$ cat work23.pdb   # PDB, C-alpha atoms
ATOM      1  CA  MET X   1       6.818 -36.874 -67.478  1.00  0.00           C
ATOM      2  CA  SER X   2       6.243 -35.414 -64.008  1.00  0.00           C
ATOM      3  CA  GLU X   3       2.667 -34.833 -62.964  1.00  0.00           C
ATOM      4  CA  GLN X   4       1.334 -31.285 -62.783  1.00  0.00           C
ATOM      5  CA  PRO X   5       0.629 -30.124 -59.194  1.00  0.00           C
ATOM      6  CA  SER X   6      -3.042 -30.219 -58.256  1.00  0.00           C
ATOM      7  CA  ASN X   7      -4.895 -27.182 -56.918  1.00  0.00           C
ATOM      8  CA  LEU X   8      -4.514 -28.610 -53.421  1.00  0.00           C
ATOM      9  CA  ASP X   9      -0.727 -28.753 -53.850  1.00  0.00           C
ATOM     10  CA  ARG X  10      -0.675 -25.077 -54.827  1.00  0.00           C
ATOM     11  CA  VAL X  11      -2.108 -23.948 -51.473  1.00  0.00           C
ATOM     12  CA  SER X  12       0.652 -22.075 -49.716  1.00  0.00           C
ATOM     13  CA  ARG X  13       1.526 -22.727 -46.104  1.00  0.00           C
ATOM     14  CA  ARG X  14       0.708 -19.119 -45.248  1.00  0.00           C
ATOM     15  CA  GLY X  15      -2.703 -19.400 -46.871  1.00  0.00           C
ATOM     16  CA  LEU X  16      -3.435 -22.614 -45.014  1.00  0.00           C
ATOM     17  CA  MET X  17      -2.498 -21.009 -41.674  1.00  0.00           C
ATOM     18  CA  LYS X  18      -4.688 -17.980 -42.370  1.00  0.00           C
ATOM     19  CA  GLY X  19      -7.635 -20.168 -43.260  1.00  0.00           C
ATOM     20  CA  SER X  20      -7.221 -22.304 -40.151  1.00  0.00           C
ATOM     21  CA  ALA X  21      -7.022 -19.262 -37.872  1.00  0.00           C
ATOM     22  CA  ALA X  22     -10.112 -17.711 -39.419  1.00  0.00           C
ATOM     23  CA  GLY X  23     -12.061 -20.940 -39.048  1.00  0.00           C
ATOM     24  CA  ALA X  24     -11.019 -21.330 -35.414  1.00  0.00           C
ATOM     25  CA  ALA X  25     -12.251 -17.825 -34.650  1.00  0.00           C
ATOM     26  CA  VAL X  26     -15.602 -18.232 -36.413  1.00  0.00           C
ATOM     27  CA  LEU X  27     -16.611 -21.711 -35.275  1.00  0.00           C
ATOM     28  CA  PRO X  28     -16.992 -20.986 -31.531  1.00  0.00           C
ATOM     29  CA  LEU X  29     -19.135 -17.940 -32.294  1.00  0.00           C
ATOM     30  CA  ALA X  30     -21.330 -19.885 -34.683  1.00  0.00           C
ATOM     31  CA  ALA X  31     -21.680 -22.714 -32.189  1.00  0.00           C
ATOM     32  CA  ARG X  32     -22.887 -20.385 -29.450  1.00  0.00           C
ATOM     33  CA  GLY X  33     -25.323 -18.581 -31.749  1.00  0.00           C
ATOM     34  CA  GLN X  34     -27.856 -16.564 -29.814  1.00  0.00           C
ATOM     35  CA  ASP X  35     -26.314 -17.498 -26.454  1.00  0.00           C
ATOM     36  CA  ILE X  36     -23.782 -14.654 -26.729  1.00  0.00           C
ATOM     37  CA  ARG X  37     -24.809 -12.101 -24.114  1.00  0.00           C
ATOM     38  CA  PRO X  38     -22.859  -9.371 -22.319  1.00  0.00           C
ATOM     39  CA  SER X  39     -22.255  -9.802 -18.622  1.00  0.00           C
ATOM     40  CA  ALA X  40     -24.325  -7.863 -16.121  1.00  0.00           C
ATOM     41  CA  MET X  41     -21.399  -5.483 -15.590  1.00  0.00           C
ATOM     42  CA  GLU X  42     -21.337  -4.698 -19.348  1.00  0.00           C
ATOM     43  CA  ARG X  43     -25.063  -4.375 -19.985  1.00  0.00           C
ATOM     44  CA  GLN X  44     -26.370  -0.846 -20.310  1.00  0.00           C
ATOM     45  CA  ASP X  45     -29.818  -1.755 -18.970  1.00  0.00           C
ATOM     46  CA  VAL X  46     -28.470  -2.773 -15.541  1.00  0.00           C
ATOM     47  CA  PRO X  47     -28.605   0.275 -13.256  1.00  0.00           C
ATOM     48  CA  VAL X  48     -25.475   1.164 -11.314  1.00  0.00           C
ATOM     49  CA  GLN X  49     -26.117   1.420  -7.609  1.00  0.00           C
ATOM     50  CA  ARG X  50     -23.707   3.796  -5.941  1.00  0.00           C
ATOM     51  CA  ILE X  51     -23.358   3.593  -2.179  1.00  0.00           C
ATOM     52  CA  PRO X  52     -21.420   5.546   0.441  1.00  0.00           C
ATOM     53  CA  VAL X  53     -18.728   3.605   2.287  1.00  0.00           C
ATOM     54  CA  THR X  54     -16.108   4.417   4.891  1.00  0.00           C
ATOM     55  CA  LEU X  55     -13.019   2.267   4.659  1.00  0.00           C
ATOM     56  CA  ASN X  56     -10.305   2.179   7.312  1.00  0.00           C
ATOM     57  CA  ILE X  57      -7.202   1.871   5.159  1.00  0.00           C
ATOM     58  CA  ASN X  58      -3.706   1.999   6.635  1.00  0.00           C
ATOM     59  CA  GLY X  59      -5.033   3.701   9.744  1.00  0.00           C
ATOM     60  CA  GLN X  60      -7.021   6.373   7.920  1.00  0.00           C
ATOM     61  CA  ALA X  61     -10.779   6.583   7.422  1.00  0.00           C
ATOM     62  CA  ARG X  62     -11.528   7.108   3.733  1.00  0.00           C
ATOM     63  CA  GLU X  63     -15.068   8.156   2.791  1.00  0.00           C
ATOM     64  CA  LEU X  64     -16.110   7.210  -0.721  1.00  0.00           C
ATOM     65  CA  VAL X  65     -19.137   6.747  -2.940  1.00  0.00           C
ATOM     66  CA  ILE X  66     -18.624   3.593  -5.002  1.00  0.00           C
ATOM     67  CA  ASP X  67     -20.417   1.180  -7.295  1.00  0.00           C
ATOM     68  CA  SER X  68     -21.912  -1.442  -4.966  1.00  0.00           C
ATOM     69  CA  ARG X  69     -20.276  -4.154  -7.109  1.00  0.00           C
ATOM     70  CA  SER X  70     -16.753  -2.729  -6.790  1.00  0.00           C
ATOM     71  CA  THR X  71     -14.091  -5.040  -5.441  1.00  0.00           C
ATOM     72  CA  LEU X  72     -11.715  -3.870  -2.754  1.00  0.00           C
ATOM     73  CA  LEU X  73      -8.869  -4.169  -5.266  1.00  0.00           C
ATOM     74  CA  ASP X  74     -10.525  -1.836  -7.764  1.00  0.00           C
ATOM     75  CA  VAL X  75     -11.362   0.704  -5.068  1.00  0.00           C
ATOM     76  CA  LEU X  76      -7.777   0.646  -3.806  1.00  0.00           C
ATOM     77  CA  ARG X  77      -6.252   1.028  -7.258  1.00  0.00           C
ATOM     78  CA  HIS X  78      -8.705   3.292  -9.050  1.00  0.00           C
ATOM     79  CA  ASP X  79     -10.526   5.282  -6.372  1.00  0.00           C
ATOM     80  CA  LEU X  80      -7.693   5.695  -3.883  1.00  0.00           C
ATOM     81  CA  GLU X  81      -4.708   5.335  -6.249  1.00  0.00           C
ATOM     82  CA  LEU X  82      -3.044   2.812  -3.940  1.00  0.00           C
ATOM     83  CA  THR X  83      -1.539   0.806  -6.771  1.00  0.00           C
ATOM     84  CA  GLY X  84       0.789  -1.397  -4.718  1.00  0.00           C
ATOM     85  CA  SER X  85      -1.793  -4.183  -4.700  1.00  0.00           C
ATOM     86  CA  LYS X  86      -1.575  -5.703  -8.167  1.00  0.00           C
ATOM     87  CA  LYS X  87      -4.267  -7.050 -10.446  1.00  0.00           C
ATOM     88  CA  GLY X  88      -2.889 -10.283 -11.801  1.00  0.00           C
ATOM     89  CA  CYS X  89      -5.414 -12.988 -12.646  1.00  0.00           C
ATOM     90  CA  ASP X  90      -8.434 -11.157 -11.131  1.00  0.00           C
ATOM     91  CA  HIS X  91      -9.783 -14.607 -10.209  1.00  0.00           C
ATOM     92  CA  GLY X  92      -8.144 -15.192  -6.813  1.00  0.00           C
ATOM     93  CA  GLN X  93      -5.559 -17.607  -8.152  1.00  0.00           C
ATOM     94  CA  CYS X  94      -2.258 -15.693  -8.188  1.00  0.00           C
ATOM     95  CA  GLY X  95      -2.165 -13.816  -4.864  1.00  0.00           C
ATOM     96  CA  ALA X  96      -0.838 -10.561  -6.352  1.00  0.00           C
ATOM     97  CA  CYS X  97      -3.719  -8.601  -4.786  1.00  0.00           C
ATOM     98  CA  THR X  98      -3.224  -9.874  -1.212  1.00  0.00           C
ATOM     99  CA  VAL X  99      -3.954  -7.357   1.554  1.00  0.00           C
ATOM    100  CA  HIS X 100      -4.695  -7.704   5.265  1.00  0.00           C
ATOM    101  CA  VAL X 101      -8.152  -7.243   6.753  1.00  0.00           C
ATOM    102  CA  ASP X 102      -8.085  -7.259  10.561  1.00  0.00           C
ATOM    103  CA  GLY X 103      -4.663  -8.868  10.283  1.00  0.00           C
ATOM    104  CA  ASP X 104      -5.798 -11.744   8.085  1.00  0.00           C
ATOM    105  CA  ARG X 105      -4.701 -12.098   4.474  1.00  0.00           C
ATOM    106  CA  VAL X 106      -7.463 -11.471   1.971  1.00  0.00           C
ATOM    107  CA  LEU X 107      -7.611 -11.640  -1.818  1.00  0.00           C
ATOM    108  CA  SER X 108      -8.857  -8.159  -2.579  1.00  0.00           C
ATOM    109  CA  CYS X 109      -9.946  -9.068  -6.113  1.00  0.00           C
ATOM    110  CA  LEU X 110     -12.578 -11.412  -4.632  1.00  0.00           C
ATOM    111  CA  THR X 111     -13.681  -9.118  -1.805  1.00  0.00           C
ATOM    112  CA  LEU X 112     -16.414  -6.548  -2.244  1.00  0.00           C
ATOM    113  CA  ALA X 113     -15.347  -3.199  -0.832  1.00  0.00           C
ATOM    114  CA  ALA X 114     -18.720  -2.830   0.874  1.00  0.00           C
ATOM    115  CA  GLN X 115     -18.020  -6.016   2.857  1.00  0.00           C
ATOM    116  CA  VAL X 116     -15.046  -4.598   4.731  1.00  0.00           C
ATOM    117  CA  GLN X 117     -16.495  -1.390   6.143  1.00  0.00           C
ATOM    118  CA  GLY X 118     -15.438  -0.877   9.739  1.00  0.00           C
ATOM    119  CA  ARG X 119     -12.559  -3.320   9.481  1.00  0.00           C
ATOM    120  CA  ALA X 120      -8.839  -2.518   9.515  1.00  0.00           C
ATOM    121  CA  ILE X 121      -7.395  -2.809   6.013  1.00  0.00           C
ATOM    122  CA  THR X 122      -3.625  -2.805   5.502  1.00  0.00           C
ATOM    123  CA  THR X 123      -2.037  -2.597   2.073  1.00  0.00           C
ATOM    124  CA  ILE X 124       1.624  -2.788   1.110  1.00  0.00           C
ATOM    125  CA  GLU X 125       1.735   1.026   1.301  1.00  0.00           C
ATOM    126  CA  GLY X 126       0.848   0.916   4.998  1.00  0.00           C
ATOM    127  CA  LEU X 127       2.965  -2.041   6.034  1.00  0.00           C
ATOM    128  CA  ALA X 128       6.105  -0.036   6.805  1.00  0.00           C
ATOM    129  CA  GLY X 129       4.241   1.851   9.543  1.00  0.00           C
ATOM    130  CA  GLU X 130       3.696  -1.470  11.299  1.00  0.00           C
ATOM    131  CA  GLY X 131       7.383  -2.371  11.147  1.00  0.00           C
ATOM    132  CA  LEU X 132       9.734  -2.559  14.106  1.00  0.00           C
ATOM    133  CA  GLY X 133      10.964   0.931  14.847  1.00  0.00           C
ATOM    134  CA  GLY X 134       7.764   2.687  13.824  1.00  0.00           C
ATOM    135  CA  GLU X 135       6.658   4.666  10.828  1.00  0.00           C
ATOM    136  CA  GLY X 136       9.241   5.402   8.172  1.00  0.00           C
ATOM    137  CA  ASN X 137      11.153   2.148   8.615  1.00  0.00           C
ATOM    138  CA  LEU X 138      10.754  -0.858   6.404  1.00  0.00           C
ATOM    139  CA  HIS X 139       8.826  -3.779   7.809  1.00  0.00           C
ATOM    140  CA  PRO X 140      11.147  -6.724   8.582  1.00  0.00           C
ATOM    141  CA  MET X 141       9.548  -8.652   5.723  1.00  0.00           C
ATOM    142  CA  GLN X 142      10.241  -5.846   3.254  1.00  0.00           C
ATOM    143  CA  GLN X 143      13.855  -5.659   4.380  1.00  0.00           C
ATOM    144  CA  ALA X 144      14.196  -9.431   4.202  1.00  0.00           C
ATOM    145  CA  PHE X 145      12.988  -9.444   0.592  1.00  0.00           C
ATOM    146  CA  ILE X 146      15.694  -6.913  -0.247  1.00  0.00           C
ATOM    147  CA  ASP X 147      18.400  -8.762   1.682  1.00  0.00           C
ATOM    148  CA  ASN X 148      17.577 -12.110   0.052  1.00  0.00           C
ATOM    149  CA  ASP X 149      16.930 -10.818  -3.468  1.00  0.00           C
ATOM    150  CA  ALA X 150      13.463 -12.352  -3.237  1.00  0.00           C
ATOM    151  CA  PHE X 151      12.042 -10.569  -6.252  1.00  0.00           C
ATOM    152  CA  GLN X 152      12.937 -10.111  -9.893  1.00  0.00           C
ATOM    153  CA  CYS X 153      10.280  -8.353 -11.970  1.00  0.00           C
ATOM    154  CA  GLY X 154       8.603  -7.256  -8.724  1.00  0.00           C
ATOM    155  CA  TYR X 155       5.013  -7.606  -9.923  1.00  0.00           C
ATOM    156  CA  CYS X 156       4.067 -10.289  -7.396  1.00  0.00           C
ATOM    157  CA  THR X 157       6.241  -8.852  -4.612  1.00  0.00           C
ATOM    158  CA  PRO X 158       3.601  -6.770  -2.750  1.00  0.00           C
ATOM    159  CA  GLY X 159       1.292  -9.774  -2.505  1.00  0.00           C
ATOM    160  CA  GLN X 160       4.180 -12.065  -1.562  1.00  0.00           C
ATOM    161  CA  ILE X 161       5.229  -9.713   1.241  1.00  0.00           C
ATOM    162  CA  MET X 162       1.703  -9.333   2.610  1.00  0.00           C
ATOM    163  CA  SER X 163       1.187 -13.085   2.504  1.00  0.00           C
ATOM    164  CA  GLY X 164       4.594 -13.699   4.082  1.00  0.00           C
ATOM    165  CA  VAL X 165       3.740 -11.488   7.058  1.00  0.00           C
ATOM    166  CA  ALA X 166       0.446 -13.308   7.538  1.00  0.00           C
ATOM    167  CA  CYS X 167       2.178 -16.664   7.181  1.00  0.00           C
ATOM    168  CA  ILE X 168       4.265 -15.799  10.245  1.00  0.00           C
ATOM    169  CA  THR X 169       1.497 -14.230  12.345  1.00  0.00           C
ATOM    170  CA  GLU X 170      -0.751 -17.219  11.597  1.00  0.00           C
ATOM    171  CA  GLY X 171       1.962 -19.516  12.958  1.00  0.00           C
ATOM    172  CA  HIS X 172       2.679 -21.259   9.679  1.00  0.00           C
ATOM    173  CA  ALA X 173       6.383 -20.523   9.278  1.00  0.00           C
ATOM    174  CA  GLY X 174       7.880 -23.251  11.450  1.00  0.00           C
ATOM    175  CA  SER X 175       9.812 -24.921   8.639  1.00  0.00           C
ATOM    176  CA  GLU X 176      10.717 -24.414   5.005  1.00  0.00           C
ATOM    177  CA  ALA X 177       8.132 -26.999   3.982  1.00  0.00           C
ATOM    178  CA  GLU X 178       5.437 -25.229   5.983  1.00  0.00           C
ATOM    179  CA  ILE X 179       6.389 -21.864   4.507  1.00  0.00           C
ATOM    180  CA  ARG X 180       6.157 -23.279   0.985  1.00  0.00           C
ATOM    181  CA  GLU X 181       2.764 -24.804   1.753  1.00  0.00           C
ATOM    182  CA  TYR X 182       1.234 -21.658   3.223  1.00  0.00           C
ATOM    183  CA  MET X 183       2.781 -19.384   0.591  1.00  0.00           C
ATOM    184  CA  SER X 184       1.633 -21.614  -2.274  1.00  0.00           C
ATOM    185  CA  GLY X 185      -1.284 -19.328  -3.112  1.00  0.00           C
ATOM    186  CA  ASN X 186       1.140 -16.613  -4.234  1.00  0.00           C
ATOM    187  CA  LEU X 187       2.619 -17.271  -7.649  1.00  0.00           C
ATOM    188  CA  CYS X 188       5.949 -15.941  -8.913  1.00  0.00           C
ATOM    189  CA  ARG X 189       6.480 -16.267 -12.662  1.00  0.00           C
ATOM    190  CA  CYS X 190      10.159 -15.404 -12.172  1.00  0.00           C
ATOM    191  CA  ALA X 191      10.467 -18.487  -9.898  1.00  0.00           C
ATOM    192  CA  ALA X 192      12.189 -16.700  -7.007  1.00  0.00           C
ATOM    193  CA  TYR X 193      10.669 -19.191  -4.575  1.00  0.00           C
ATOM    194  CA  PRO X 194      13.876 -20.282  -2.738  1.00  0.00           C
ATOM    195  CA  ASN X 195      14.712 -16.625  -2.056  1.00  0.00           C
ATOM    196  CA  ILE X 196      11.152 -15.931  -0.904  1.00  0.00           C
ATOM    197  CA  VAL X 197      11.355 -18.796   1.582  1.00  0.00           C
ATOM    198  CA  ALA X 198      14.694 -17.434   2.841  1.00  0.00           C
ATOM    199  CA  ALA X 199      13.140 -13.984   3.251  1.00  0.00           C
ATOM    200  CA  VAL X 200      10.233 -15.343   5.292  1.00  0.00           C
ATOM    201  CA  LYS X 201      12.662 -17.233   7.537  1.00  0.00           C
ATOM    202  CA  GLN X 202      14.734 -14.078   8.116  1.00  0.00           C
ATOM    203  CA  ALA X 203      11.686 -11.947   8.850  1.00  0.00           C
ATOM    204  CA  ARG X 204      10.306 -14.558  11.229  1.00  0.00           C
ATOM    205  CA  ALA X 205      13.453 -14.355  13.364  1.00  0.00           C
ATOM    206  CA  GLU X 206      13.044 -10.570  13.648  1.00  0.00           C
ATOM    207  CA  MET X 207       9.270 -10.518  14.090  1.00  0.00           C
ATOM    208  CA  GLU X 208       9.291 -13.207  16.774  1.00  0.00           C
ATOM    209  CA  GLY X 209      12.592 -12.224  18.385  1.00  0.00           C
TER     210      GLY X 209
END
$ encode --input "work23.pdb" --output "structure tokens"
Amino acid sequence: MSEQPSNLDRVSRRGLMKGSAAGAAVLPLAARGQDIRPSAMERQDVPVQRIPVTLNINGQARELVIDSRSTLLDVLRHDLELTGSKKGCDHGQCGACTVHVDGDRVLSCLTLAAQVQGRAITTIEGLAGEGLGGEGNLHPMQQAFIDNDAFQCGYCTPGQIMSGVACITEGHAGSEAEIREYMSGNLCRCAAYPNIVAAVKQARAEMEG
């Protein structure tokens, strides 16, 4: 005679998976216990300090009243509706939010808006005005990205372009290896890296020619 299945044998795979998932969700919370606290930005008892700022963005002075804790990225996207700069990781690791401040590349998600008052801020929306031939023409880097098919989904492209321009003006585009090194802070999940390198090389010839 065959043995009857035990209660343990009757547990379905689906039931086991559900139980495991529920346990995984509960255990970390139980382990932390009373240490679970909202961040300062989420707490209702932390007063919001709003301050007036004047930001020089793409050649225009923009007067705003903002939360003193606002990042430049959030001000650009939400207060000024300049959505070209993307919020990717929001931790300064992907480069999607790269803008220029006084010509230098800056991660706008890690920069407080109040820190850059009085400085020249350039976003992807204002880059064309700095291109050869004046306002209304694409910047050589923008054209090079088109010519070399250096983007696929396009999400990282604004940050890649801004970083590529800075890579050249900083003098770090002398070779393909150097371009890869100094563009390494900008991630592309579509893996268009060879085309991005080709675009930077093309733009360098036009920008330095």
$ residues_around --input "work23.pdb" --residues "Gly118 (chain X)" --least-positions-apart "2" --cutoff "8 Å" --atoms "only C-alpha atoms" --output "PyMOL selection string"
chain X and resi 54-56+116+120
$ write_last_selection --input "work23.pdb" --atoms "C-alpha atoms" --output "PDB file, keeping the file's coordinate frame"
ATOM      1  CA  THR X  54     -16.108   4.417   4.891  1.00  0.00           C
ATOM      2  CA  LEU X  55     -13.019   2.267   4.659  1.00  0.00           C
ATOM      3  CA  ASN X  56     -10.305   2.179   7.312  1.00  0.00           C
ATOM      4  CA  VAL X 116     -15.046  -4.598   4.731  1.00  0.00           C
ATOM      5  CA  ALA X 120      -8.839  -2.518   9.515  1.00  0.00           C
TER       6      ALA X 120
END
$ resolve_selection --input "work23.pdb" --expression "the PyMOL selection byres ((chain X and resi 151-160) around 6)" --output "PDB file with C-alpha atoms, in the frame of the given file"
ATOM      1  CA  GLY X  95      -2.165 -13.816  -4.864  1.00  0.00           C
ATOM      2  CA  ALA X  96      -0.838 -10.561  -6.352  1.00  0.00           C
ATOM      3  CA  CYS X  97      -3.719  -8.601  -4.786  1.00  0.00           C
ATOM      4  CA  THR X  98      -3.224  -9.874  -1.212  1.00  0.00           C
ATOM      5  CA  ILE X 124       1.624  -2.788   1.110  1.00  0.00           C
ATOM      6  CA  ASP X 149      16.930 -10.818  -3.468  1.00  0.00           C
ATOM      7  CA  ALA X 150      13.463 -12.352  -3.237  1.00  0.00           C
ATOM      8  CA  ILE X 161       5.229  -9.713   1.241  1.00  0.00           C
ATOM      9  CA  MET X 162       1.703  -9.333   2.610  1.00  0.00           C
ATOM     10  CA  SER X 163       1.187 -13.085   2.504  1.00  0.00           C
ATOM     11  CA  GLY X 164       4.594 -13.699   4.082  1.00  0.00           C
TER      12      GLY X 164
END
$ axis_aligned_box --input "work23.pdb" --around "region 97-106 of chain X" --padding-each-side "6 Å" --output "AutoDock Vina command-line options"
--center_x -5.7 --center_y -9.7 --center_z 2.9 --size_x 16.9 --size_y 16.9 --size_z 27.3
$ resolve_selection --input "work23.pdb" --expression "the PyMOL selection byres ((chain X and resi 145) around 10)" --output "number ranges by chain"
X: 140-144, 146-151, 157, 160-161, 195-200, 202-203
$ closest_residue --input "work23.pdb" --among "X:Thr169, X:Leu76, X:Arg62, X:Cys94" --to "Thr123 (chain X)" --atoms "all atoms listed in the file"
X:Leu76
$ closest_residue --input "work23.pdb" --among "X:His100, X:Lys86, X:Arg119, X:His78" --to "Ala61 (chain X)" --atoms "all atoms listed in the file"
X:Arg119
$ atom_distance --input "work23.pdb" --atom1 "CA of Ser70 (chain X)" --atom2 "CA of Gly185 (chain X)"
23.0 Å
$ closest_residue --input "work23.pdb" --among "X:Asp90, X:Glu81, X:Glu208, X:Glu125" --to "Asn58 (chain X)" --atoms "only C-alpha atoms"
X:Glu125
$ atom_distance --input "work23.pdb" --atom1 "CA of Gln49 (chain X)" --atom2 "CA of Gly103 (chain X)"
29.8 Å
$ atom_distance --input "work23.pdb" --atom1 "CA of Leu73 (chain X)" --atom2 "CA of Gln115 (chain X)"
12.4 Å
$ closest_residue --input "work23.pdb" --among "X:Leu80, X:His139, X:Cys109, X:Leu187" --to "Gly92 (chain X)" --atoms "all atoms listed in the file"
X:Cys109
